[in-house]
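Colleague: Take a look at protein.cif, mmCIF, N, CA and C atoms:
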```
data_query
loop_
_atom_site.label_atom_id
_atom_site.label_comp_id
_atom_site.auth_asym_id
_atom_site.auth_seq_id
_atom_site.Cartn_x
_atom_site.Cartn_y
_atom_site.Cartn_z
N MET Z 1 -45.53 27.34 -12.81
CA MET Z 1 -46.52 28.04 -13.60
C MET Z 1 -47.38 28.87 -12.65
N THR Z 2 -47.59 30.12 -13.01
CA THR Z 2 -48.38 31.01 -12.17
C THR Z 2 -49.87 30.72 -12.31
N THR Z 3 -50.62 31.22 -11.35
CA THR Z 3 -52.08 31.06 -11.41
C THR Z 3 -52.63 31.75 -12.66
N ALA Z 4 -52.06 32.89 -13.03
CA ALA Z 4 -52.53 33.59 -14.23
C ALA Z 4 -52.30 32.74 -15.48
N LYS Z 5 -51.17 32.04 -15.56
CA LYS Z 5 -50.91 31.19 -16.72
C LYS Z 5 -51.83 29.98 -16.73
N PHE Z 6 -52.12 29.42 -15.55
CA PHE Z 6 -53.11 28.34 -15.46
C PHE Z 6 -54.44 28.82 -15.99
N ALA Z 7 -54.87 29.99 -15.52
CA ALA Z 7 -56.16 30.54 -15.94
C ALA Z 7 -56.18 30.76 -17.45
N ALA Z 8 -55.11 31.30 -18.00
CA ALA Z 8 -55.06 31.55 -19.45
C ALA Z 8 -55.15 30.24 -20.23
N LEU Z 9 -54.48 29.20 -19.75
CA LEU Z 9 -54.52 27.90 -20.42
C LEU Z 9 -55.94 27.32 -20.40
N LEU Z 10 -56.59 27.34 -19.24
CA LEU Z 10 -57.94 26.77 -19.15
C LEU Z 10 -58.96 27.61 -19.90
N GLU Z 11 -58.80 28.92 -19.89
CA GLU Z 11 -59.70 29.78 -20.65
C GLU Z 11 -59.51 29.55 -22.15
N ALA Z 12 -58.26 29.36 -22.58
CA ALA Z 12 -57.99 29.06 -23.99
C ALA Z 12 -58.62 27.72 -24.37
N ASN Z 13 -58.62 26.77 -23.46
CA ASN Z 13 -59.24 25.47 -23.74
C ASN Z 13 -60.74 25.63 -23.99
N VAL Z 14 -61.40 26.43 -23.19
CA VAL Z 14 -62.83 26.68 -23.40
C VAL Z 14 -63.05 27.38 -24.74
N ARG Z 15 -62.30 28.44 -24.98
CA ARG Z 15 -62.49 29.27 -26.17
C ARG Z 15 -62.04 28.57 -27.45
N ARG Z 16 -60.83 28.01 -27.45
CA ARG Z 16 -60.24 27.49 -28.68
C ARG Z 16 -60.56 26.03 -28.97
N VAL Z 17 -61.04 25.31 -27.95
CA VAL Z 17 -61.37 23.90 -28.17
C VAL Z 17 -62.88 23.71 -28.11
N PHE Z 18 -63.49 23.98 -26.98
CA PHE Z 18 -64.90 23.65 -26.80
C PHE Z 18 -65.86 24.65 -27.44
N ASN Z 19 -65.39 25.84 -27.79
CA ASN Z 19 -66.24 26.80 -28.50
C ASN Z 19 -65.86 26.92 -29.97
N GLU Z 20 -64.92 26.13 -30.43
CA GLU Z 20 -64.47 26.22 -31.83
C GLU Z 20 -65.21 25.18 -32.66
N ARG Z 21 -65.99 25.63 -33.62
CA ARG Z 21 -66.76 24.71 -34.46
C ARG Z 21 -65.98 24.26 -35.70
N ASP Z 22 -64.89 24.96 -36.04
CA ASP Z 22 -64.06 24.55 -37.17
C ASP Z 22 -63.10 23.45 -36.71
N GLU Z 23 -63.25 22.27 -37.27
CA GLU Z 23 -62.49 21.11 -36.81
C GLU Z 23 -60.98 21.28 -36.95
N ARG Z 24 -60.52 21.88 -38.03
CA ARG Z 24 -59.07 22.07 -38.21
C ARG Z 24 -58.49 23.01 -37.17
N ARG Z 25 -59.15 24.13 -36.91
CA ARG Z 25 -58.65 25.07 -35.88
C ARG Z 25 -58.71 24.43 -34.50
N ARG Z 26 -59.78 23.67 -34.25
CA ARG Z 26 -59.92 23.00 -32.95
C ARG Z 26 -58.82 21.97 -32.75
N THR Z 27 -58.54 21.17 -33.76
CA THR Z 27 -57.49 20.15 -33.66
C THR Z 27 -56.13 20.81 -33.44
N ARG Z 28 -55.86 21.90 -34.14
CA ARG Z 28 -54.60 22.62 -33.95
C ARG Z 28 -54.49 23.15 -32.52
N ALA Z 29 -55.59 23.67 -31.98
CA ALA Z 29 -55.58 24.17 -30.60
C ALA Z 29 -55.32 23.04 -29.61
N ILE Z 30 -55.94 21.89 -29.82
CA ILE Z 30 -55.71 20.74 -28.93
C ILE Z 30 -54.23 20.35 -28.97
N GLU Z 31 -53.64 20.32 -30.15
CA GLU Z 31 -52.22 19.97 -30.27
C GLU Z 31 -51.32 20.98 -29.56
N GLU Z 32 -51.74 22.24 -29.49
CA GLU Z 32 -50.96 23.27 -28.80
C GLU Z 32 -51.19 23.27 -27.29
N LEU Z 33 -52.41 23.03 -26.86
CA LEU Z 33 -52.76 23.18 -25.44
C LEU Z 33 -52.59 21.90 -24.63
N TYR Z 34 -52.65 20.74 -25.27
CA TYR Z 34 -52.59 19.46 -24.59
C TYR Z 34 -51.25 18.77 -24.84
N SER Z 35 -50.80 18.00 -23.85
CA SER Z 35 -49.64 17.13 -24.06
C SER Z 35 -50.03 16.05 -25.06
N PRO Z 36 -49.07 15.54 -25.85
CA PRO Z 36 -49.40 14.51 -26.85
C PRO Z 36 -50.08 13.28 -26.25
N ASP Z 37 -49.75 12.93 -25.02
CA ASP Z 37 -50.34 11.75 -24.38
C ASP Z 37 -51.40 12.12 -23.33
N ALA Z 38 -51.98 13.29 -23.48
CA ALA Z 38 -53.00 13.76 -22.53
C ALA Z 38 -54.19 12.80 -22.48
N THR Z 39 -54.90 12.86 -21.36
CA THR Z 39 -56.09 12.02 -21.18
C THR Z 39 -57.28 12.89 -20.82
N LEU Z 40 -58.38 12.67 -21.52
CA LEU Z 40 -59.67 13.32 -21.23
C LEU Z 40 -60.56 12.27 -20.58
N TYR Z 41 -60.98 12.56 -19.35
CA TYR Z 41 -61.88 11.67 -18.62
C TYR Z 41 -63.27 12.30 -18.61
N GLU Z 42 -64.21 11.66 -19.29
CA GLU Z 42 -65.60 12.05 -19.23
C GLU Z 42 -66.29 11.09 -18.27
N PRO Z 43 -67.52 11.37 -17.84
CA PRO Z 43 -68.17 10.49 -16.88
C PRO Z 43 -68.23 9.02 -17.30
N ASP Z 44 -68.40 8.75 -18.58
CA ASP Z 44 -68.56 7.37 -19.03
C ASP Z 44 -67.53 6.93 -20.06
N ALA Z 45 -66.46 7.72 -20.25
CA ALA Z 45 -65.48 7.37 -21.27
C ALA Z 45 -64.13 8.01 -20.97
N THR Z 46 -63.09 7.43 -21.55
CA THR Z 46 -61.73 7.95 -21.42
C THR Z 46 -61.11 8.03 -22.80
N PHE Z 47 -60.42 9.14 -23.08
CA PHE Z 47 -59.79 9.35 -24.38
C PHE Z 47 -58.34 9.72 -24.15
N ILE Z 48 -57.43 8.98 -24.78
CA ILE Z 48 -56.00 9.18 -24.57
C ILE Z 48 -55.35 9.65 -25.87
N GLY Z 49 -54.61 10.74 -25.79
CA GLY Z 49 -53.90 11.29 -26.94
C GLY Z 49 -54.71 12.39 -27.61
N THR Z 50 -54.01 13.29 -28.26
CA THR Z 50 -54.68 14.45 -28.86
C THR Z 50 -55.66 14.07 -29.97
N LYS Z 51 -55.37 13.03 -30.73
CA LYS Z 51 -56.29 12.60 -31.80
C LYS Z 51 -57.61 12.12 -31.20
N ALA Z 52 -57.51 11.27 -30.17
CA ALA Z 52 -58.73 10.75 -29.53
C ALA Z 52 -59.51 11.88 -28.86
N ILE Z 53 -58.80 12.82 -28.25
CA ILE Z 53 -59.48 13.95 -27.62
C ILE Z 53 -60.17 14.81 -28.67
N ALA Z 54 -59.49 15.08 -29.78
CA ALA Z 54 -60.09 15.86 -30.86
C ALA Z 54 -61.35 15.18 -31.39
N ASP Z 55 -61.30 13.87 -31.57
CA ASP Z 55 -62.47 13.12 -32.04
C ASP Z 55 -63.61 13.20 -31.03
N ALA Z 56 -63.29 13.09 -29.74
CA ALA Z 56 -64.32 13.15 -28.70
C ALA Z 56 -64.99 14.53 -28.68
N VAL Z 57 -64.21 15.58 -28.80
CA VAL Z 57 -64.79 16.93 -28.79
C VAL Z 57 -65.63 17.15 -30.05
N THR Z 58 -65.19 16.63 -31.18
CA THR Z 58 -65.98 16.73 -32.41
C THR Z 58 -67.34 16.06 -32.22
N ARG Z 59 -67.35 14.86 -31.63
CA ARG Z 59 -68.62 14.16 -31.38
C ARG Z 59 -69.50 14.96 -30.41
N LEU Z 60 -68.90 15.48 -29.35
CA LEU Z 60 -69.65 16.26 -28.37
C LEU Z 60 -70.31 17.46 -29.04
N LEU Z 61 -69.53 18.24 -29.76
CA LEU Z 61 -70.08 19.44 -30.39
C LEU Z 61 -71.15 19.09 -31.43
N GLY Z 62 -71.00 17.96 -32.08
CA GLY Z 62 -72.01 17.52 -33.04
C GLY Z 62 -73.33 17.15 -32.39
N ALA Z 63 -73.29 16.79 -31.11
CA ALA Z 63 -74.49 16.39 -30.38
C ALA Z 63 -75.17 17.57 -29.68
N LEU Z 64 -74.52 18.72 -29.67
CA LEU Z 64 -75.06 19.89 -28.99
C LEU Z 64 -75.69 20.84 -30.00
N PRO Z 65 -76.60 21.71 -29.54
CA PRO Z 65 -77.13 22.72 -30.45
C PRO Z 65 -75.98 23.54 -31.04
N PRO Z 66 -76.01 23.83 -32.34
CA PRO Z 66 -74.88 24.52 -32.98
C PRO Z 66 -74.66 25.93 -32.46
N THR Z 67 -75.64 26.50 -31.79
CA THR Z 67 -75.50 27.86 -31.26
C THR Z 67 -75.08 27.89 -29.80
N LEU Z 68 -74.93 26.72 -29.18
CA LEU Z 68 -74.51 26.67 -27.78
C LEU Z 68 -73.05 27.08 -27.66
N THR Z 69 -72.75 27.89 -26.66
CA THR Z 69 -71.37 28.25 -26.35
C THR Z 69 -71.10 27.96 -24.88
N PHE Z 70 -69.83 27.73 -24.59
CA PHE Z 70 -69.41 27.50 -23.21
C PHE Z 70 -68.81 28.77 -22.66
N ALA Z 71 -69.08 29.03 -21.37
CA ALA Z 71 -68.56 30.21 -20.69
C ALA Z 71 -68.07 29.82 -19.31
N LEU Z 72 -67.14 30.58 -18.79
CA LEU Z 72 -66.65 30.35 -17.44
C LEU Z 72 -67.72 30.77 -16.44
N ALA Z 73 -67.88 29.97 -15.38
CA ALA Z 73 -68.87 30.28 -14.35
C ALA Z 73 -68.21 30.82 -13.09
N GLY Z 74 -66.94 31.11 -13.18
CA GLY Z 74 -66.20 31.63 -12.03
C GLY Z 74 -64.72 31.61 -12.35
N PRO Z 75 -63.91 32.01 -11.41
CA PRO Z 75 -62.48 32.05 -11.66
C PRO Z 75 -61.86 30.65 -11.65
N VAL Z 76 -60.73 30.53 -12.31
CA VAL Z 76 -59.94 29.29 -12.25
C VAL Z 76 -59.31 29.24 -10.87
N LEU Z 77 -59.48 28.10 -10.20
CA LEU Z 77 -58.86 27.89 -8.89
C LEU Z 77 -57.73 26.89 -9.05
N ARG Z 78 -56.57 27.22 -8.48
CA ARG Z 78 -55.37 26.41 -8.66
C ARG Z 78 -54.85 25.90 -7.33
N ASN Z 79 -54.34 24.66 -7.34
CA ASN Z 79 -53.66 24.07 -6.20
C ASN Z 79 -52.49 23.27 -6.77
N HIS Z 80 -51.29 23.83 -6.70
CA HIS Z 80 -50.08 23.24 -7.28
C HIS Z 80 -50.27 22.99 -8.77
N ASP Z 81 -50.22 21.73 -9.22
CA ASP Z 81 -50.33 21.47 -10.66
C ASP Z 81 -51.75 21.12 -11.08
N LEU Z 82 -52.72 21.34 -10.20
CA LEU Z 82 -54.13 21.08 -10.51
C LEU Z 82 -54.91 22.39 -10.54
N ALA Z 83 -55.93 22.42 -11.36
CA ALA Z 83 -56.81 23.58 -11.41
C ALA Z 83 -58.24 23.13 -11.64
N LYS Z 84 -59.15 23.96 -11.19
CA LYS Z 84 -60.58 23.67 -11.32
C LYS Z 84 -61.25 24.85 -12.01
N LEU Z 85 -62.11 24.52 -12.97
CA LEU Z 85 -62.83 25.55 -13.72
C LEU Z 85 -64.30 25.15 -13.80
N ARG Z 86 -65.19 26.00 -13.31
CA ARG Z 86 -66.62 25.79 -13.46
C ARG Z 86 -67.05 26.45 -14.77
N TRP Z 87 -67.97 25.77 -15.49
CA TRP Z 87 -68.40 26.28 -16.79
C TRP Z 87 -69.90 26.12 -16.97
N LEU Z 88 -70.41 26.85 -17.97
CA LEU Z 88 -71.83 26.83 -18.34
C LEU Z 88 -71.93 26.61 -19.85
N GLY Z 89 -72.96 25.90 -20.27
CA GLY Z 89 -73.32 25.82 -21.69
C GLY Z 89 -74.54 26.69 -21.90
N ILE Z 90 -74.40 27.73 -22.72
CA ILE Z 90 -75.43 28.76 -22.84
C ILE Z 90 -75.91 28.87 -24.29
N LEU Z 91 -77.22 29.04 -24.45
CA LEU Z 91 -77.82 29.31 -25.76
C LEU Z 91 -77.83 30.82 -26.00
N PRO Z 92 -78.01 31.25 -27.25
CA PRO Z 92 -77.98 32.69 -27.56
C PRO Z 92 -79.01 33.53 -26.78
N ASP Z 93 -80.12 32.90 -26.37
CA ASP Z 93 -81.13 33.66 -25.61
C ASP Z 93 -80.74 33.79 -24.13
N GLY Z 94 -79.57 33.28 -23.75
CA GLY Z 94 -79.09 33.38 -22.38
C GLY Z 94 -79.45 32.20 -21.50
N LYS Z 95 -80.22 31.26 -22.03
CA LYS Z 95 -80.63 30.10 -21.24
C LYS Z 95 -79.43 29.16 -21.06
N THR Z 96 -79.17 28.79 -19.80
CA THR Z 96 -78.13 27.82 -19.49
C THR Z 96 -78.74 26.43 -19.57
N VAL Z 97 -78.14 25.56 -20.38
CA VAL Z 97 -78.69 24.22 -20.57
C VAL Z 97 -77.83 23.12 -19.95
N VAL Z 98 -76.60 23.45 -19.59
CA VAL Z 98 -75.73 22.46 -18.96
C VAL Z 98 -74.67 23.22 -18.15
N THR Z 99 -74.29 22.64 -17.03
CA THR Z 99 -73.22 23.20 -16.21
C THR Z 99 -72.29 22.08 -15.78
N GLY Z 100 -71.09 22.46 -15.41
CA GLY Z 100 -70.16 21.44 -14.96
C GLY Z 100 -68.86 22.05 -14.46
N THR Z 101 -67.92 21.15 -14.20
CA THR Z 101 -66.61 21.53 -13.69
C THR Z 101 -65.55 20.69 -14.37
N ASP Z 102 -64.45 21.31 -14.74
CA ASP Z 102 -63.28 20.59 -15.23
C ASP Z 102 -62.20 20.65 -14.16
N VAL Z 103 -61.58 19.53 -13.90
CA VAL Z 103 -60.41 19.47 -13.04
C VAL Z 103 -59.25 19.06 -13.93
N VAL Z 104 -58.24 19.91 -13.98
CA VAL Z 104 -57.17 19.77 -14.95
C VAL Z 104 -55.82 19.67 -14.25
N LYS Z 105 -55.01 18.74 -14.74
CA LYS Z 105 -53.61 18.64 -14.30
C LYS Z 105 -52.74 19.16 -15.43
N VAL Z 106 -51.82 20.06 -15.09
CA VAL Z 106 -50.95 20.67 -16.08
C VAL Z 106 -49.51 20.24 -15.81
N GLU Z 107 -48.84 19.84 -16.87
CA GLU Z 107 -47.41 19.51 -16.79
C GLU Z 107 -46.71 20.18 -17.96
N GLY Z 108 -45.62 20.86 -17.68
CA GLY Z 108 -44.86 21.50 -18.73
C GLY Z 108 -45.64 22.55 -19.49
N GLY Z 109 -46.59 23.19 -18.82
CA GLY Z 109 -47.38 24.25 -19.44
C GLY Z 109 -48.50 23.77 -20.35
N ARG Z 110 -48.75 22.44 -20.36
CA ARG Z 110 -49.81 21.89 -21.21
C ARG Z 110 -50.73 21.01 -20.37
N ILE Z 111 -51.95 20.83 -20.86
CA ILE Z 111 -52.92 19.98 -20.17
C ILE Z 111 -52.47 18.54 -20.29
N GLN Z 112 -52.33 17.88 -19.13
CA GLN Z 112 -51.96 16.46 -19.10
C GLN Z 112 -53.21 15.59 -18.89
N THR Z 113 -54.07 16.01 -17.97
CA THR Z 113 -55.33 15.30 -17.77
C THR Z 113 -56.43 16.33 -17.56
N ILE Z 114 -57.61 15.96 -18.00
CA ILE Z 114 -58.79 16.78 -17.77
C ILE Z 114 -59.94 15.85 -17.41
N HIS Z 115 -60.49 16.07 -16.22
CA HIS Z 115 -61.66 15.31 -15.74
C HIS Z 115 -62.86 16.23 -15.87
N VAL Z 116 -63.86 15.80 -16.63
CA VAL Z 116 -65.06 16.60 -16.87
C VAL Z 116 -66.19 16.07 -15.98
N PHE Z 117 -66.72 16.96 -15.15
CA PHE Z 117 -67.87 16.64 -14.31
C PHE Z 117 -69.05 17.44 -14.83
N VAL Z 118 -70.10 16.76 -15.26
CA VAL Z 118 -71.31 17.41 -15.73
C VAL Z 118 -72.32 17.36 -14.60
N ASP Z 119 -72.85 18.53 -14.24
CA ASP Z 119 -73.82 18.60 -13.15
C ASP Z 119 -75.12 17.92 -13.56
N PRO Z 120 -75.78 17.25 -12.59
CA PRO Z 120 -77.09 16.66 -12.92
C PRO Z 120 -78.09 17.77 -13.28
N SER Z 121 -79.00 17.47 -14.21
CA SER Z 121 -79.97 18.50 -14.61
C SER Z 121 -81.15 18.53 -13.71
#
```
Go through the file and emit its structure as structure tokens.

Modeller:
Amino acid sequence: MTTAKFAALLEANVRRVFNERDERRRTRAIEELYSPDATLYEPDATFIGTKAIADAVTRLLGALPPTLTFALAGPVLRNHDLAKLRWLGILPDGKTVVTGTDVVKVEGGRIQTIHVFVDPS
């Protein structure tokens, strides 16, 4: 998989999963972008499988301001089957309220694992 394809996959994850407020579209995107047995590692929890990941993202988005969107904070960096993406959570007035980094392992063109690191505030 090329670096450009890695970048497209991770950018689609931000746009189609973490910025999608419609649960059906978000679940469909997770099923397309993630392996069926993918694992999402958050700082205090682990979610295995697309259903568990979809539920976790639904809970996360429900806890955030409804106008918050996620944006890339730099380019996707790739090393073999791993990639790193820095991101920002931004309100409509431009205020950044959360930042972090995702470290993603890709297998067969789909996300196999995603480790979410949230920066301390």

Colleague: Report as number ranges by chain all protein, DNA and RNA residues lying within 10 Å of segment 6-21 of chain Z, evaluated on only C-alpha atoms, omitting residues in the same chain fewer than 5 positions from it.

Modeller: Z: 1, 26-30, 32-34, 54, 57-58, 60-62, 66-72, 75-78, 81-85, 87, 89, 102-106, 109-111

Colleague: What is the atom N of Glu42 of chain Z-atom C of Val97 of chain Z distance in Å, reported with one decimal?

Modeller: 17.8 Å

Colleague: Just how far from atom C of Pro36 of chain Z is atom CA of Ala52 of chain Z, in Å to one decimal?

Modeller: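 Here the two named atoms are 9.6 Å from each other.
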
Colleague: Please identify which residues in chain Z DSSP calls helix (DSSP H, G or I) from the backbone, and express them as number ranges by chain.

Modeller: Z: 3-18, 23-33, 50-63

Colleague: Next, write the just-selected residues to a file, as a CSV table (one decimal), in the coordinates of the input, keeping N, CA and C atoms as the atom set.

Modeller:
```csv
chain,number,residue,atom,x,y,z
Z,3,THR,N,-50.6,31.2,-11.4
Z,3,THR,CA,-52.1,31.1,-11.4
Z,3,THR,C,-52.6,31.8,-12.7
Z,4,ALA,N,-52.1,32.9,-13.0
Z,4,ALA,CA,-52.5,33.6,-14.2
Z,4,ALA,C,-52.3,32.7,-15.5
Z,5,LYS,N,-51.2,32.0,-15.6
Z,5,LYS,CA,-50.9,31.2,-16.7
Z,5,LYS,C,-51.8,30.0,-16.7
Z,6,PHE,N,-52.1,29.4,-15.6
Z,6,PHE,CA,-53.1,28.3,-15.5
Z,6,PHE,C,-54.4,28.8,-16.0
Z,7,ALA,N,-54.9,30.0,-15.5
Z,7,ALA,CA,-56.2,30.5,-15.9
Z,7,ALA,C,-56.2,30.8,-17.4
Z,8,ALA,N,-55.1,31.3,-18.0
Z,8,ALA,CA,-55.1,31.6,-19.4
Z,8,ALA,C,-55.2,30.2,-20.2
Z,9,LEU,N,-54.5,29.2,-19.8
Z,9,LEU,CA,-54.5,27.9,-20.4
Z,9,LEU,C,-55.9,27.3,-20.4
Z,10,LEU,N,-56.6,27.3,-19.2
Z,10,LEU,CA,-57.9,26.8,-19.2
Z,10,LEU,C,-59.0,27.6,-19.9
Z,11,GLU,N,-58.8,28.9,-19.9
Z,11,GLU,CA,-59.7,29.8,-20.6
Z,11,GLU,C,-59.5,29.6,-22.2
Z,12,ALA,N,-58.3,29.4,-22.6
Z,12,ALA,CA,-58.0,29.1,-24.0
Z,12,ALA,C,-58.6,27.7,-24.4
Z,13,ASN,N,-58.6,26.8,-23.5
Z,13,ASN,CA,-59.2,25.5,-23.7
Z,13,ASN,C,-60.7,25.6,-24.0
Z,14,VAL,N,-61.4,26.4,-23.2
Z,14,VAL,CA,-62.8,26.7,-23.4
Z,14,VAL,C,-63.0,27.4,-24.7
Z,15,ARG,N,-62.3,28.4,-25.0
Z,15,ARG,CA,-62.5,29.3,-26.2
Z,15,ARG,C,-62.0,28.6,-27.4
Z,16,ARG,N,-60.8,28.0,-27.4
Z,16,ARG,CA,-60.2,27.5,-28.7
Z,16,ARG,C,-60.6,26.0,-29.0
Z,17,VAL,N,-61.0,25.3,-28.0
Z,17,VAL,CA,-61.4,23.9,-28.2
Z,17,VAL,C,-62.9,23.7,-28.1
Z,18,PHE,N,-63.5,24.0,-27.0
Z,18,PHE,CA,-64.9,23.6,-26.8
Z,18,PHE,C,-65.9,24.6,-27.4
Z,23,GLU,N,-63.2,22.3,-37.3
Z,23,GLU,CA,-62.5,21.1,-36.8
Z,23,GLU,C,-61.0,21.3,-37.0
Z,24,ARG,N,-60.5,21.9,-38.0
Z,24,ARG,CA,-59.1,22.1,-38.2
Z,24,ARG,C,-58.5,23.0,-37.2
Z,25,ARG,N,-59.2,24.1,-36.9
Z,25,ARG,CA,-58.6,25.1,-35.9
Z,25,ARG,C,-58.7,24.4,-34.5
Z,26,ARG,N,-59.8,23.7,-34.2
Z,26,ARG,CA,-59.9,23.0,-33.0
Z,26,ARG,C,-58.8,22.0,-32.8
Z,27,THR,N,-58.5,21.2,-33.8
Z,27,THR,CA,-57.5,20.2,-33.7
Z,27,THR,C,-56.1,20.8,-33.4
Z,28,ARG,N,-55.9,21.9,-34.1
Z,28,ARG,CA,-54.6,22.6,-34.0
Z,28,ARG,C,-54.5,23.2,-32.5
Z,29,ALA,N,-55.6,23.7,-32.0
Z,29,ALA,CA,-55.6,24.2,-30.6
Z,29,ALA,C,-55.3,23.0,-29.6
Z,30,ILE,N,-55.9,21.9,-29.8
Z,30,ILE,CA,-55.7,20.7,-28.9
Z,30,ILE,C,-54.2,20.4,-29.0
Z,31,GLU,N,-53.6,20.3,-30.2
Z,31,GLU,CA,-52.2,20.0,-30.3
Z,31,GLU,C,-51.3,21.0,-29.6
Z,32,GLU,N,-51.7,22.2,-29.5
Z,32,GLU,CA,-51.0,23.3,-28.8
Z,32,GLU,C,-51.2,23.3,-27.3
Z,33,LEU,N,-52.4,23.0,-26.9
Z,33,LEU,CA,-52.8,23.2,-25.4
Z,33,LEU,C,-52.6,21.9,-24.6
Z,50,THR,N,-54.0,13.3,-28.3
Z,50,THR,CA,-54.7,14.4,-28.9
Z,50,THR,C,-55.7,14.1,-30.0
Z,51,LYS,N,-55.4,13.0,-30.7
Z,51,LYS,CA,-56.3,12.6,-31.8
Z,51,LYS,C,-57.6,12.1,-31.2
Z,52,ALA,N,-57.5,11.3,-30.2
Z,52,ALA,CA,-58.7,10.8,-29.5
Z,52,ALA,C,-59.5,11.9,-28.9
Z,53,ILE,N,-58.8,12.8,-28.2
Z,53,ILE,CA,-59.5,14.0,-27.6
Z,53,ILE,C,-60.2,14.8,-28.7
Z,54,ALA,N,-59.5,15.1,-29.8
Z,54,ALA,CA,-60.1,15.9,-30.9
Z,54,ALA,C,-61.4,15.2,-31.4
Z,55,ASP,N,-61.3,13.9,-31.6
Z,55,ASP,CA,-62.5,13.1,-32.0
Z,55,ASP,C,-63.6,13.2,-31.0
Z,56,ALA,N,-63.3,13.1,-29.7
Z,56,ALA,CA,-64.3,13.2,-28.7
Z,56,ALA,C,-65.0,14.5,-28.7
Z,57,VAL,N,-64.2,15.6,-28.8
Z,57,VAL,CA,-64.8,16.9,-28.8
Z,57,VAL,C,-65.6,17.2,-30.0
Z,58,THR,N,-65.2,16.6,-31.2
Z,58,THR,CA,-66.0,16.7,-32.4
Z,58,THR,C,-67.3,16.1,-32.2
Z,59,ARG,N,-67.4,14.9,-31.6
Z,59,ARG,CA,-68.6,14.2,-31.4
Z,59,ARG,C,-69.5,15.0,-30.4
Z,60,LEU,N,-68.9,15.5,-29.4
Z,60,LEU,CA,-69.6,16.3,-28.4
Z,60,LEU,C,-70.3,17.5,-29.0
Z,61,LEU,N,-69.5,18.2,-29.8
Z,61,LEU,CA,-70.1,19.4,-30.4
Z,61,LEU,C,-71.2,19.1,-31.4
Z,62,GLY,N,-71.0,18.0,-32.1
Z,62,GLY,CA,-72.0,17.5,-33.0
Z,62,GLY,C,-73.3,17.2,-32.4
Z,63,ALA,N,-73.3,16.8,-31.1
Z,63,ALA,CA,-74.5,16.4,-30.4
Z,63,ALA,C,-75.2,17.6,-29.7
```

Colleague: According to DSSP computed on the backbone, where in segment 21-119 of chain Z is there strand (DSSP E)? Give the residues as a ChimeraX atom specification.

Modeller: /Z:34-42,45-48,69-72,77-79,82-90,96-107,110-118

Colleague: What does the distance between atom CA of Gln112 of chain Z and atom C of Arg24 of chain Z come to in Å, to one decimal place?

Modeller: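 Between atom CA of Gln112 of chain Z and atom C of Arg24 of chain Z the gap is 20.3 Å.
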